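Participant: My structure is stored as protein-v1.cif, with mmCIF, C-alpha atoms.
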```cif
data_structure
loop_
_atom_site.label_atom_id
_atom_site.label_comp_id
_atom_site.auth_asym_id
_atom_site.auth_seq_id
_atom_site.Cartn_x
_atom_site.Cartn_y
_atom_site.Cartn_z
CA MET I 276 18.52 -4.36 29.25
CA SER I 277 18.22 -2.50 32.54
CA ASN I 278 18.40 1.25 32.79
CA ASP I 279 21.30 0.81 35.23
CA LEU I 280 23.45 -0.75 32.52
CA ARG I 281 22.44 1.91 30.01
CA GLU I 282 23.41 4.68 32.46
CA HIS I 283 26.69 2.94 33.29
CA ILE I 284 27.55 2.81 29.59
CA LYS I 285 26.71 6.49 29.21
CA GLU I 286 29.20 7.35 31.97
CA HIS I 287 32.04 5.64 30.13
CA MET I 288 31.17 6.55 26.55
CA PRO I 289 32.62 10.10 26.39
CA TYR I 290 36.04 8.71 27.36
CA ILE I 291 35.73 5.72 25.01
CA ASP I 292 34.54 7.87 22.11
CA GLU I 293 37.49 10.22 22.60
CA ILE I 294 39.88 7.26 22.25
CA LEU I 295 38.19 6.12 19.04
CA ALA I 296 38.23 9.66 17.65
CA GLU I 297 41.99 9.85 18.25
CA GLN I 298 42.30 6.62 16.26
CA ASN I 299 40.45 8.31 13.36
CA ILE I 300 37.70 5.68 13.32
CA PRO I 301 34.69 7.06 11.38
CA ILE I 302 31.67 7.79 13.60
CA PRO I 303 29.36 5.24 11.89
CA GLU I 304 31.93 2.50 12.57
CA ARG I 305 32.66 3.27 16.23
CA PHE I 306 29.86 1.47 18.05
CA PHE I 307 31.36 -1.99 17.59
CA SER I 308 34.80 -0.87 18.86
CA ALA I 309 33.16 1.08 21.68
CA GLY I 310 31.45 -2.05 22.98
CA ARG I 311 34.71 -3.94 22.98
CA LEU I 312 36.55 -1.15 24.82
CA PHE I 313 33.78 -0.93 27.40
CA VAL I 314 34.14 -4.63 28.18
CA GLU I 315 37.93 -4.27 28.46
CA ILE I 316 37.77 -1.16 30.67
CA ALA I 317 34.61 -1.41 32.75
CA VAL I 318 33.74 -5.09 33.14
CA MET I 319 35.63 -6.40 36.15
CA ASP I 320 33.96 -9.81 36.42
CA SER I 321 31.14 -11.82 34.86
CA THR I 322 29.70 -15.33 34.72
CA PHE I 323 31.55 -15.87 31.44
CA GLU I 324 34.95 -17.58 31.55
CA SER I 325 36.64 -14.69 29.76
CA LYS I 326 35.95 -11.29 28.26
CA LYS I 327 36.41 -12.85 24.82
CA GLU I 328 33.62 -15.30 25.56
CA LEU I 329 31.42 -12.42 26.75
CA LEU I 330 32.04 -10.45 23.55
CA GLU I 331 31.13 -13.46 21.42
CA SER I 332 28.04 -14.33 23.45
CA GLU I 333 24.48 -14.00 22.18
CA VAL I 334 23.45 -11.83 25.12
CA TYR I 335 26.22 -9.33 24.37
CA GLN I 336 25.63 -9.20 20.62
CA GLU I 337 21.85 -9.01 20.78
CA CYS I 338 21.26 -7.06 24.01
CA VAL I 339 24.35 -5.07 25.03
CA LEU I 340 25.92 -3.97 21.74
CA PRO I 341 22.74 -2.17 20.54
CA LEU I 342 23.08 0.19 23.52
CA PHE I 343 26.32 1.54 22.06
CA ASN I 344 24.64 2.00 18.70
CA ASP I 345 21.89 3.96 20.48
CA TRP I 346 24.46 6.19 22.21
CA TYR I 347 26.03 7.22 18.90
CA PHE I 348 22.70 8.11 17.32
CA GLU I 349 21.70 10.08 20.43
CA LYS I 350 24.95 12.08 20.40
CA TYR I 351 25.72 12.49 16.70
CA GLY I 352 22.34 12.21 15.03
CA ASP I 353 22.67 11.97 11.24
CA LEU I 354 26.48 11.97 11.51
CA ALA I 355 26.17 8.42 12.83
CA LYS I 356 24.42 7.29 9.67
CA VAL I 357 26.38 5.20 7.22
CA SER I 358 26.70 7.24 4.02
CA GLY I 359 26.17 4.10 2.01
CA LYS I 360 26.50 0.37 2.33
CA ASP I 361 30.05 -0.89 2.82
CA VAL I 362 30.43 -2.66 -0.51
CA SER I 363 33.51 -4.33 -1.97
CA SER I 364 34.09 -5.08 -5.64
CA GLY I 365 34.78 -8.36 -7.38
CA ILE I 366 34.94 -9.85 -10.88
CA VAL I 367 33.43 -12.96 -12.49
CA VAL I 368 33.11 -14.19 -16.06
CA VAL I 369 29.66 -14.29 -17.69
CA TYR I 370 29.29 -15.50 -21.29
CA GLY I 371 33.06 -15.04 -21.64
CA LYS I 372 32.84 -11.40 -20.51
CA LEU I 373 34.39 -9.94 -17.34
CA VAL I 374 31.68 -8.33 -15.21
CA ALA I 375 31.57 -6.66 -11.82
CA VAL I 376 30.24 -8.14 -8.60
CA LYS I 377 29.20 -5.80 -5.77
CA ILE I 378 29.65 -7.47 -2.40
CA PRO I 379 28.02 -5.92 0.70
CA ALA I 380 30.05 -6.40 3.88
CA THR I 381 26.94 -7.06 5.94
CA THR I 382 23.48 -8.41 5.38
CA ILE I 383 20.37 -7.07 7.07
CA GLU I 384 17.32 -9.09 8.04
CA VAL I 385 14.30 -7.16 9.33
CA LEU I 386 12.92 -8.91 12.42
CA GLU I 387 10.23 -6.40 13.31
CA GLU I 388 9.30 -3.82 10.72
CA GLY I 389 10.55 -0.38 11.72
CA LYS I 390 11.94 -1.61 15.04
CA LEU I 391 14.42 -4.46 15.00
CA ALA I 392 16.89 -5.82 12.47
CA ARG I 393 19.61 -8.45 12.53
CA MET I 394 22.96 -7.43 11.04
CA THR I 395 25.27 -10.28 10.05
CA PHE I 396 28.97 -10.16 9.13
CA PRO I 397 29.18 -13.18 6.78
CA ASP I 398 32.39 -14.63 5.36
CA HIS I 399 30.58 -16.38 2.53
CA LEU I 400 27.67 -16.07 0.11
CA GLN I 401 24.55 -16.64 2.16
CA GLU I 402 21.74 -18.82 0.89
CA SER I 403 19.35 -15.89 1.07
CA GLU I 404 21.50 -13.78 -1.30
CA LYS I 405 20.58 -13.86 -4.98
CA ILE I 406 23.56 -13.72 -7.31
CA GLU I 407 21.62 -11.64 -9.84
CA ALA I 408 21.39 -8.88 -7.21
CA LEU I 409 25.19 -8.78 -6.90
CA ILE I 410 26.23 -8.85 -10.56
CA GLN I 411 26.48 -5.67 -12.62
CA PRO I 412 25.27 -4.97 -15.26
CA LYS I 413 21.97 -6.76 -14.74
CA PHE I 414 20.84 -9.48 -17.11
CA ASP I 415 18.31 -12.31 -17.09
CA ILE I 416 20.13 -15.22 -15.45
CA ALA I 417 17.08 -17.43 -16.00
CA LYS I 418 17.91 -17.49 -19.72
CA MET I 419 21.17 -19.33 -19.00
CA ASP I 420 21.15 -23.14 -19.07
CA GLU I 421 21.20 -24.91 -15.71
CA SER I 422 24.87 -25.92 -15.82
CA SER I 423 25.92 -22.35 -16.67
CA ILE I 424 23.87 -20.96 -13.78
CA GLU I 425 25.51 -23.43 -11.39
CA GLU I 426 28.98 -22.53 -12.70
CA LEU I 427 28.21 -18.82 -12.29
CA ARG I 428 26.94 -19.36 -8.73
CA ASP I 429 30.17 -21.22 -7.89
CA GLN I 430 32.23 -18.34 -9.31
CA VAL I 431 30.30 -15.72 -7.36
CA ALA I 432 30.38 -17.77 -4.16
CA LYS I 433 34.16 -18.13 -4.37
CA VAL I 434 34.82 -14.45 -5.03
CA VAL I 435 32.35 -13.33 -2.34
CA ALA I 436 33.82 -15.69 0.29
CA LEU I 437 37.42 -14.65 -0.38
CA THR I 438 36.57 -10.95 -0.48
CA ARG I 439 34.55 -10.99 2.72
CA SER I 440 37.12 -13.09 4.58
CA ILE I 441 39.97 -10.77 3.63
CA ASN I 442 38.11 -7.64 4.69
CA LEU I 443 36.86 -9.12 7.98
CA ASP I 444 40.38 -10.23 8.91
CA LEU I 445 41.86 -6.83 7.98
CA ASN I 446 39.18 -4.90 9.87
CA MET I 447 39.54 -6.96 13.05
CA VAL I 448 43.34 -7.30 13.16
CA SER I 449 44.85 -6.52 16.57
CA ASN I 450 48.19 -5.64 18.14
CA LEU I 451 49.75 -3.95 15.10
CA ILE I 452 51.96 -0.89 15.40
CA GLN I 453 50.84 2.19 13.49
CA PRO I 454 52.90 1.78 10.27
CA ALA I 455 51.64 -1.79 9.91
CA LEU I 456 48.06 -0.81 10.73
CA ALA I 457 48.12 1.90 8.05
CA MET I 458 49.58 -0.60 5.57
CA ALA I 459 46.87 -3.14 6.43
CA LYS I 460 44.14 -0.60 5.77
CA GLY I 461 45.56 -0.02 2.28
CA ILE I 462 45.63 -3.64 1.13
CA TRP I 463 42.06 -3.83 -0.13
CA SER I 464 42.31 -0.46 -1.86
CA HIS I 465 44.84 -2.01 -4.25
CA PHE I 466 42.34 -4.73 -5.10
CA GLU I 467 39.65 -2.12 -5.71
CA LYS I 468 41.91 -0.09 -8.02
CA GLY I 469 43.00 -3.24 -9.86
CA ILE I 470 39.42 -4.42 -10.30
CA LEU I 471 38.41 -1.03 -11.69
CA ASP I 472 41.27 -1.15 -14.20
CA ILE I 473 40.53 -4.73 -15.28
CA LEU I 474 36.87 -3.93 -15.90
CA THR I 475 37.79 -1.19 -18.38
CA LEU I 476 38.77 -4.12 -20.64
CA GLN I 477 41.71 -2.02 -21.85
CA SER I 478 45.08 -3.80 -22.04
CA GLU I 479 47.03 -0.78 -20.84
CA ARG I 480 44.81 -0.44 -17.75
CA ALA I 481 44.87 -4.20 -17.17
CA SER I 482 48.66 -4.04 -17.11
CA ILE I 483 48.53 -1.43 -14.35
CA ALA I 484 46.02 -3.63 -12.53
CA CYS I 485 48.67 -6.36 -12.35
CA LEU I 486 50.88 -3.96 -10.40
CA GLU I 487 48.03 -3.15 -8.01
CA ILE I 488 47.50 -6.86 -7.42
CA HIS I 489 51.24 -7.27 -6.78
CA LEU I 490 51.11 -4.44 -4.22
CA ALA I 491 48.15 -6.03 -2.41
CA ILE I 492 50.12 -9.28 -2.03
CA GLU I 493 53.28 -7.42 -1.07
CA LYS I 494 51.59 -5.39 1.64
CA SER I 495 49.85 -8.43 3.11
CA LEU I 496 53.24 -10.13 3.50
CA LYS I 497 54.82 -7.04 5.03
CA VAL I 498 51.98 -6.63 7.51
CA LEU I 499 52.43 -10.26 8.57
CA ILE I 500 56.17 -9.62 9.02
CA TYR I 501 55.35 -6.61 11.20
CA SER I 502 52.96 -8.81 13.18
CA LYS I 503 55.63 -11.43 13.80
CA THR I 504 58.70 -9.23 14.34
CA GLY I 505 57.43 -5.73 15.13
CA GLU I 506 59.54 -4.18 12.38
CA LEU I 507 60.35 -4.16 8.68
CA LYS I 508 64.04 -4.35 7.87
CA LYS I 509 65.68 -2.26 5.18
CA GLU I 510 66.17 -5.25 2.87
CA GLN I 511 62.44 -6.00 3.09
CA LYS I 512 61.38 -2.58 1.86
CA ASN I 513 61.16 -3.67 -1.76
CA HIS I 514 58.77 -5.43 -4.13
CA ASP I 515 60.42 -8.87 -3.95
CA LEU I 516 57.64 -11.31 -3.01
CA LYS I 517 59.97 -14.33 -3.00
CA GLY I 518 62.29 -12.66 -0.49
CA LEU I 519 59.42 -11.69 1.81
CA ILE I 520 57.97 -15.21 1.72
CA LYS I 521 61.37 -16.78 2.38
CA PHE I 522 61.84 -14.53 5.43
CA LEU I 523 58.39 -15.47 6.76
CA GLU I 524 59.29 -19.16 6.62
CA ASN I 525 61.18 -18.51 9.87
CA TYR I 526 57.89 -17.65 11.57
CA GLU I 527 55.06 -19.28 9.59
CA ASN I 528 54.56 -22.77 8.19
CA GLY I 529 52.44 -23.74 5.24
CA ILE I 530 52.28 -20.54 3.22
CA ASP I 531 51.61 -21.89 -0.27
CA SER I 532 53.25 -19.55 -2.76
CA SER I 533 53.39 -22.02 -5.67
CA LYS I 534 50.76 -20.19 -7.72
CA LEU I 535 52.61 -16.88 -7.37
CA SER I 536 55.12 -18.17 -9.90
CA ASN I 537 52.47 -17.39 -12.52
CA LEU I 538 52.54 -13.70 -11.56
CA PRO I 539 55.01 -11.11 -12.91
CA SER I 540 58.36 -10.85 -11.10
CA ASN I 541 59.04 -7.82 -8.90
CA LYS I 542 60.99 -6.19 -11.74
CA ASP I 543 58.26 -6.89 -14.28
CA ALA I 544 55.66 -5.54 -11.86
CA ILE I 545 57.35 -2.14 -11.97
CA LYS I 546 57.40 -2.21 -15.78
CA LEU I 547 53.67 -2.88 -15.77
CA ARG I 548 53.10 0.50 -14.08
CA TYR I 549 54.38 2.26 -17.19
CA ALA I 550 52.80 -0.22 -19.62
CA GLU I 551 56.27 -1.33 -20.72
CA ILE I 552 54.79 -4.82 -20.47
CA ILE I 553 51.25 -5.32 -21.75
CA LYS I 554 48.84 -7.83 -20.22
CA GLU I 555 45.36 -8.63 -21.44
CA PRO I 556 42.37 -8.15 -19.09
CA ILE I 557 41.82 -11.92 -18.84
CA ASP I 558 45.45 -12.34 -17.69
CA ALA I 559 44.96 -9.70 -15.01
CA PHE I 560 41.74 -11.45 -13.96
CA ARG I 561 43.65 -14.71 -13.44
CA TYR I 562 46.24 -12.83 -11.34
CA TYR I 563 43.39 -11.35 -9.33
CA LEU I 564 41.97 -14.79 -8.48
CA ILE I 565 45.40 -16.08 -7.43
CA ALA I 566 45.95 -12.99 -5.29
CA LEU I 567 42.57 -13.32 -3.55
CA GLU I 568 43.36 -16.84 -2.37
CA PHE I 569 46.91 -16.00 -1.34
CA VAL I 570 46.07 -12.80 0.53
CA ARG I 571 43.15 -14.52 2.29
CA ASP I 572 45.61 -17.10 3.64
CA VAL I 573 48.17 -14.48 4.70
CA VAL I 574 45.82 -12.11 6.53
CA SER I 575 44.08 -15.01 8.30
CA ARG I 576 47.45 -15.57 10.04
CA LEU I 577 47.41 -12.10 11.60
CA GLU I 578 46.54 -11.78 15.27
CA HIS I 579 42.84 -11.39 16.00
CA GLU I 580 41.74 -11.03 19.59
CA LEU I 581 38.15 -11.10 18.43
CA ARG I 582 36.71 -12.67 15.30
CA ILE I 583 33.31 -11.62 14.04
CA LYS I 584 32.98 -13.84 10.99
CA ASN I 585 29.33 -14.85 10.71
CA ALA I 586 28.49 -13.03 13.95
CA SER I 587 25.07 -11.42 14.10
CA VAL I 588 23.94 -8.36 16.03
CA THR I 589 20.31 -7.49 16.68
CA ILE I 590 19.90 -3.73 16.75
CA LYS I 591 17.16 -1.20 17.01
CA MET I 592 16.35 -0.14 13.50
CA ALA I 593 18.23 3.05 12.72
CA PRO I 594 16.64 5.68 10.42
CA TRP I 595 19.11 4.92 7.62
CA ALA I 596 18.26 1.19 7.74
CA ARG I 597 14.50 1.59 7.34
#
```
Is it possible to give me this structure as structure tokens?

Facilitator:
Amino acid sequence: MSNDLREHIKEHMPYIDEILAEQNIPIPERFFSAGRLFVEIAVMDSTFESKKELLESEVYQECVLPLFNDWYFEKYGDLAKVSGKDVSSGIVVVYGKLVAVKIPATTIEVLEEGKLARMTFPDHLQESEKIEALIQPKFDIAKMDESSIEELRDQVAKVVALTRSINLDLNMVSNLIQPALAMAKGIWSHFEKGILDILTLQSERASIACLEIHLAIEKSLKVLIYSKTGELKKEQKNHDLKGLIKFLENYENGIDSSKLSNLPSNKDAIKLRYAEIIKEPIDAFRYYLIALEFVRDVVSRLEHELRIKNASVTIKMAPWAR
């Protein structure tokens, strides 16, 4: 890209970075939002039909966006480095045992050693990803029979796709007021806590995990209500999933809540917190799978001015990525 564009971006970046700082966006995560703000603020006209089309274009993602990444490394140095890969947790069953799956939010393909890399934001398990690299603890998958390997790949692919889709939709949600935005940011943390409890394989912890799963579903519904109405009424500030879904029927069609009948009621969910009701880890795992599918559907209905699912960005290789 021309030096003129680079200099023009530098003129706007102090103002843009101040806005992102006020929004408490971590420094390593700001470059993507900075690019979007720059287009909204500084681009008056272009050959693209809309700013949305510009943001989704190959020329923007591969040529313009890297300039914002460069700006952050030039200003903040090591503070712009990601402390570690953004990795979400999941669970699958191997040989009848519940095991962890570690799911990176992005994949990196080196295009030119030490210089260029392509970062992709997938919403599925990519063909290049090996399932044995995602499952923990490690074991020799080759020793499984062919049908078992295929079944395991299907399990991993499903969990990876649902997990990535949920997190991409939550990270790119737009036009939410602050209480709803804060609630949205907490949805996946309930999944993470629940997954951690399930993987202890202790019934008491698995029971608490069921509450965490309930809270993830509950918050997703409340965020969607905020998105549709701009508020949460007093009677909706409870744990009653049926009531929240019934209210949303006035605004959304096709929310399939049939499988939620297999989950604990709102009253039982509270009892689970104190282990007054005991659930086995495998029961909590089944609740987790139901919740993943349901929450994926709910958060996909939120407003997204820009979707980055499966988008790729070519960037100059940063020191932390080498």

Participant: Just checking: using all atoms listed in the file, which residue out of I:Ser422, I:Leu581, I:Phe560, I:Ser478 ends up closest to I:Leu443?

Facilitator: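 Among the listed residues, the smallest separation from I:Leu443 belongs to I:Leu581.
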
Participant: Quick one: which residues end up in the PyMOL selection byres ((chain I and resi 293-302) around 12) for this structure, as a VMD selection string?

Facilitator: chain I and resid 287 to 292 303 to 313 343 to 344 346 to 348 350 to 358 446 453 456 to 457 460

Participant: Measure the distance from atom CA of I:Ser363 to atom CA of I:Ala380 in Å and round it to one decimal.

Facilitator: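 Separation between atom CA of I:Ser363 and atom CA of I:Ala380: 7.1 Å.
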
Participant: Restricting the calculation to all atoms listed in the file, which member of I:Val376, I:Ala491, I:Val367, I:Ala559 is positioned closest to I:Gln411?

Facilitator: I:Val376

Participant: For I:Gly469, which residue out of I:Glu349, I:Gln336, I:Gly371, I:Ser364 is the nearest one, using all atoms listed in the file?

Facilitator: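 Among the listed residues, the smallest separation from I:Gly469 belongs to I:Ser364.
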
Participant: To test your reading of the syntax: which residues would the PyMOL selection byres ((chain I and resi 502) around 9) return for the file shown? Reply as a ChimeraX atom specification.

Facilitator: /I:450-452,455,497-501,503-506,577-578

Participant: Measure the distance from atom CA of I:Ile530 to atom CA of I:Met458 in Å and round it to one decimal.

Facilitator: 20.3 Å

Participant: Would you compute the distance between atom CA of I:Lys554 and atom CA of I:Glu479? Give it in Å to one decimal.

Facilitator: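 Atom CA of I:Glu479 lies at a distance of 7.3 Å from atom CA of I:Lys554.
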
Participant: Which residues are near I:Ile553? Cut-off 12 Å, all atoms listed in the file, ignore same chain within fewer than 6 positions. Put them as number ranges by chain.

Facilitator: I: 477-486, 539, 543-547, 559

Participant: Take the residues just selected and output them with C-alpha atoms as a PDB file, keeping the file's coordinate frame.

Facilitator:
```
ATOM      1  CA  GLN I 477      41.710  -2.020 -21.850  1.00  0.00           C
ATOM      2  CA  SER I 478      45.080  -3.800 -22.040  1.00  0.00           C
ATOM      3  CA  GLU I 479      47.030  -0.780 -20.840  1.00  0.00           C
ATOM      4  CA  ARG I 480      44.810  -0.440 -17.750  1.00  0.00           C
ATOM      5  CA  ALA I 481      44.870  -4.200 -17.170  1.00  0.00           C
ATOM      6  CA  SER I 482      48.660  -4.040 -17.110  1.00  0.00           C
ATOM      7  CA  ILE I 483      48.530  -1.430 -14.350  1.00  0.00           C
ATOM      8  CA  ALA I 484      46.020  -3.630 -12.530  1.00  0.00           C
ATOM      9  CA  CYS I 485      48.670  -6.360 -12.350  1.00  0.00           C
ATOM     10  CA  LEU I 486      50.880  -3.960 -10.400  1.00  0.00           C
ATOM     11  CA  PRO I 539      55.010 -11.110 -12.910  1.00  0.00           C
ATOM     12  CA  ASP I 543      58.260  -6.890 -14.280  1.00  0.00           C
ATOM     13  CA  ALA I 544      55.660  -5.540 -11.860  1.00  0.00           C
ATOM     14  CA  ILE I 545      57.350  -2.140 -11.970  1.00  0.00           C
ATOM     15  CA  LYS I 546      57.400  -2.210 -15.780  1.00  0.00           C
ATOM     16  CA  LEU I 547      53.670  -2.880 -15.770  1.00  0.00           C
ATOM     17  CA  ALA I 559      44.960  -9.700 -15.010  1.00  0.00           C
TER      18      ALA I 559
END
```
